[in-house]
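Shown next, in structure tokens, is the structure this report addresses.
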Amino acid sequence: MLPSTSVSSSMQGNGVLNSRDAARHTAGAKRYKYLRRLFRFRQMDFEFAAWQMLYLFTSPQRVYRNFHYRKQTKDQWARDDPAFLVLLSVWLCVSTIGFGFVLDMGFFETIKLLLWVVFIDCVGVGLLISTLMWFISNKYLVKRQSRDYDVEWGYAFDVHLNAFYPLLVILHFIQLFFINHVILTDTFIGYLVGNTLWLIAVGYYIYVTFLGYSALPFLKNTVILLYPFAPLAVLYGLSLALGWNFTHMLCSFYKYRVK
């Protein structure tokens, strides 16, 4: 789960693994340890994970400063404690059940929605985005003088989880209080409120993702990760001018998926 490894030679003369191979073996052992801890709740630091969730809203830079500290003390950037993932899963379940209640779904429809949100919206899309960002960062963003380093996939997935949490809270929790009485009223105020929440949520995702990759000292030109703000602003303006209601589209899609 190390996001960076150093390379010296392909193989030493005495048959000992080089630094890259050694790092991969170490990363494999740490992944195994991470997965084992998923079932050992007493070993998880939920208080610290909750602290991270709070600061992802108020000061996400502080969260990534802690990633720097972990690199210095444990020689890895990615999390070694699954407490954040567990709390995110709880948030995902609770907020999705709330979404089903607000949309007046039955028990089995809500279960179907929960499975869709967990395995498609979070895990499936997360794996896709993490893999894409892992490829782009290693292919185009690593500094020429730092070619011996690479971004590991585990860190890319951690960055996605960090960015996904504020989006989840805004769209699957805060938005619930406005859906029936404001957002779905087919008025300008309705899609103004709904689309503004989408703007804030996606904007958070872009910004927190940018902070995650800019925290790695061997990457360059990470400011390009902020470029999606431009089309996002254009899309927001078009949605207000043309009367598009993104939340209405999402609700209709969810209702279709659980039939």
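By convention here, the chains of the structure tokens are called A, B, ... in the order presented, each chain's residues are numbered starting at 1, and ligands are numbered starting at 1 in the order presented.
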Kindly assemble as JSON lines a list of the region 99-192 of chain A residues that lie within 12 Å of region 60-68 of chain A, each paired with its nearest atom pair and their distance in Å to one decimal, using only C-alpha atoms, sorted first by chain and then by ascending residue number.
```
{"residue": "A:Tyr155", "atom": "CA", "partner": "A:Phe67", "partner_atom": "CA", "distance": 10.0}
{"residue": "A:Asp158", "atom": "CA", "partner": "A:Phe67", "partner_atom": "CA", "distance": 10.4}
{"residue": "A:Val159", "atom": "CA", "partner": "A:Tyr64", "partner_atom": "CA", "distance": 9.5}
{"residue": "A:Asn162", "atom": "CA", "partner": "A:Pro60", "partner_atom": "CA", "distance": 8.8}
{"residue": "A:Ala163", "atom": "CA", "partner": "A:Pro60", "partner_atom": "CA", "distance": 9.5}
{"residue": "A:Tyr165", "atom": "CA", "partner": "A:Pro60", "partner_atom": "CA", "distance": 11.5}
{"residue": "A:Pro166", "atom": "CA", "partner": "A:Pro60", "partner_atom": "CA", "distance": 10.4}
```
Residues as selected, N, CA and C atoms, written as a compact mmCIF listing (two decimals), in the first residue's frame, can you do that?
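New file part.txt:
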```txt
# COMPACT_ATOMS: atom_id res chain seq x y z
N TYR A 155 -2.68 4.11 -2.45
CA TYR A 155 -2.78 5.52 -2.08
C TYR A 155 -3.83 6.22 -2.95
N ASP A 158 -7.10 5.57 -1.46
CA ASP A 158 -7.26 6.38 -0.24
C ASP A 158 -7.69 7.80 -0.59
N VAL A 159 -7.07 8.38 -1.61
CA VAL A 159 -7.44 9.74 -2.03
C VAL A 159 -8.89 9.77 -2.49
N ASN A 162 -11.16 9.76 0.56
CA ASN A 162 -11.15 11.08 1.18
C ASN A 162 -12.08 12.04 0.44
N ALA A 163 -12.00 12.02 -0.89
CA ALA A 163 -12.80 12.93 -1.71
C ALA A 163 -14.26 12.52 -1.76
N TYR A 165 -16.06 11.09 0.65
CA TYR A 165 -16.80 11.29 1.89
C TYR A 165 -17.59 12.61 1.92
N PRO A 166 -16.97 13.78 1.64
CA PRO A 166 -17.77 15.02 1.63
C PRO A 166 -18.90 14.97 0.60
```
For Asp104 (chain A), list every protein, DNA or RNA residue within 12 Å, evaluated using only C-alpha atoms, and leave out those in the same chain fewer than 4 positions away; present the list as a PyMOL selection string.
chain A and resi 97-100+108-110+179-180+251+254-255
Restrict the selected residues to N, CA and C atoms and save them as a CSV table (one decimal), in the first residue's frame.
```csv
chain,number,residue,atom,x,y,z
A,97,ILE,N,-30.2,4.4,3.5
A,97,ILE,CA,-31.5,4.0,4.1
A,97,ILE,C,-32.3,5.3,4.2
A,98,GLY,N,-31.7,6.4,4.6
A,98,GLY,CA,-32.5,7.6,4.7
A,98,GLY,C,-33.0,8.1,3.3
A,99,PHE,N,-32.2,7.9,2.3
A,99,PHE,CA,-32.6,8.2,0.9
A,99,PHE,C,-33.8,7.4,0.5
A,100,GLY,N,-33.7,6.1,0.8
A,100,GLY,CA,-34.9,5.2,0.5
A,100,GLY,C,-36.1,5.6,1.2
A,108,PHE,N,-37.5,-4.0,0.6
A,108,PHE,CA,-36.7,-4.6,-0.4
A,108,PHE,C,-36.1,-3.7,-1.4
A,109,GLU,N,-36.9,-2.6,-1.8
A,109,GLU,CA,-36.3,-1.6,-2.7
A,109,GLU,C,-35.2,-0.9,-2.0
A,110,THR,N,-35.3,-0.6,-0.8
A,110,THR,CA,-34.2,0.1,-0.1
A,110,THR,C,-32.9,-0.8,0.0
A,179,ILE,N,-35.2,17.5,-0.4
A,179,ILE,CA,-35.6,16.9,-1.6
A,179,ILE,C,-37.1,17.1,-1.8
A,180,ASN,N,-37.9,16.6,-0.9
A,180,ASN,CA,-39.4,16.6,-1.2
A,180,ASN,C,-40.0,17.9,-1.2
A,251,CYS,N,-32.8,10.7,-8.6
A,251,CYS,CA,-33.9,10.0,-7.9
A,251,CYS,C,-34.7,9.1,-8.9
A,254,TYR,N,-32.5,6.1,-9.5
A,254,TYR,CA,-32.5,5.1,-8.4
A,254,TYR,C,-33.8,4.3,-8.4
A,255,LYS,N,-34.9,5.0,-8.6
A,255,LYS,CA,-36.2,4.3,-8.6
A,255,LYS,C,-36.3,3.3,-9.7
```
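Distance check against Asn221 (chain A) using only C-alpha atoms: of A:Ser252, A:Asn195, A:Ser137, A:Asn245, the minimum falls on A:Ser137.
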Quick one: residues within 9 Å of region 231-237 of chain A, only C-alpha atoms counted, chain neighbours fewer than 6 positions away excluded, as a ChimeraX atom specification?
/A:195-196,198-199,202-203
Find the residues of region 184-257 of chain A that sit at most 7 Å from region 142-147 of chain A; for each, write down the nearest two atoms and how far apart they are in Å, to one decimal. Count only C-alpha atoms. Sort by chain, then by number going up, and give it as a Markdown table.
```
| residue | atom | partner | partner_atom | distance |
| --- | --- | --- | --- | --- |
| A:Phe218 | CA | A:Lys143 | CA | 5.8 |
| A:Leu219 | CA | A:Val142 | CA | 4.5 |
| A:Lys220 | CA | A:Lys143 | CA | 5.6 |
```
Any chance you can output those residues with N, CA and C atoms as a PDB file, in the first residue's frame?
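For reference, result-v3.pdb as written:
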```pdb
ATOM      1  N   PHE A 218       7.028  13.974  -5.249  1.00  0.00           N
ATOM      2  CA  PHE A 218       7.660  13.550  -6.497  1.00  0.00           C
ATOM      3  C   PHE A 218       6.740  13.724  -7.705  1.00  0.00           C
ATOM      4  N   LEU A 219       5.569  14.380  -7.509  1.00  0.00           N
ATOM      5  CA  LEU A 219       4.667  14.663  -8.627  1.00  0.00           C
ATOM      6  C   LEU A 219       4.781  16.120  -9.040  1.00  0.00           C
ATOM      7  N   LYS A 220       4.511  16.396 -10.301  1.00  0.00           N
ATOM      8  CA  LYS A 220       4.575  17.742 -10.851  1.00  0.00           C
ATOM      9  C   LYS A 220       3.234  18.097 -11.499  1.00  0.00           C
TER      10      LYS A 220
END
```
If we count only C-alpha atoms and set the cut-off at 10 Å, which residues sit around Val169 (chain A), ignoring sequence neighbours fewer than 5 positions away in its own chain? Please answer as a PyMOL selection string.
chain A and resi 57+88+91-92+95+164+174-176+201
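Shortest atom-to-atom contact with Tyr207 (chain A) among A:Pro228, A:Pro82, A:Gly243, A:Gly154: A:Pro228, counting only C-alpha atoms.
In this comparison, which uses only C-alpha atoms, the residue of A:Trp134, A:Leu226, A:His172, A:Trp153 approaching Leu114 (chain A) most closely is A:His172.
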Give the alpha helix (DSSP H) residues of region 168-241 of chain A, as assigned by DSSP on the backbone, as a count of residues only.
45
Shell of 10 Å around Phe135 (chain A), only C-alpha atoms, local chain residues under 2 positions omitted, as number ranges by chain:
A: 129-133, 137-141, 150-153, 156
If you measure from CA of Tyr227 (chain A) to CA of Leu192 (chain A), what distance in Å do you get, rounded to one decimal?
23.4 Å
From region 4-223 of chain A, collect each residue whose DSSP state is strand (DSSP E or B) and return the set as an NGL selection string.
:A and (11 or 17 or 142 or 219)
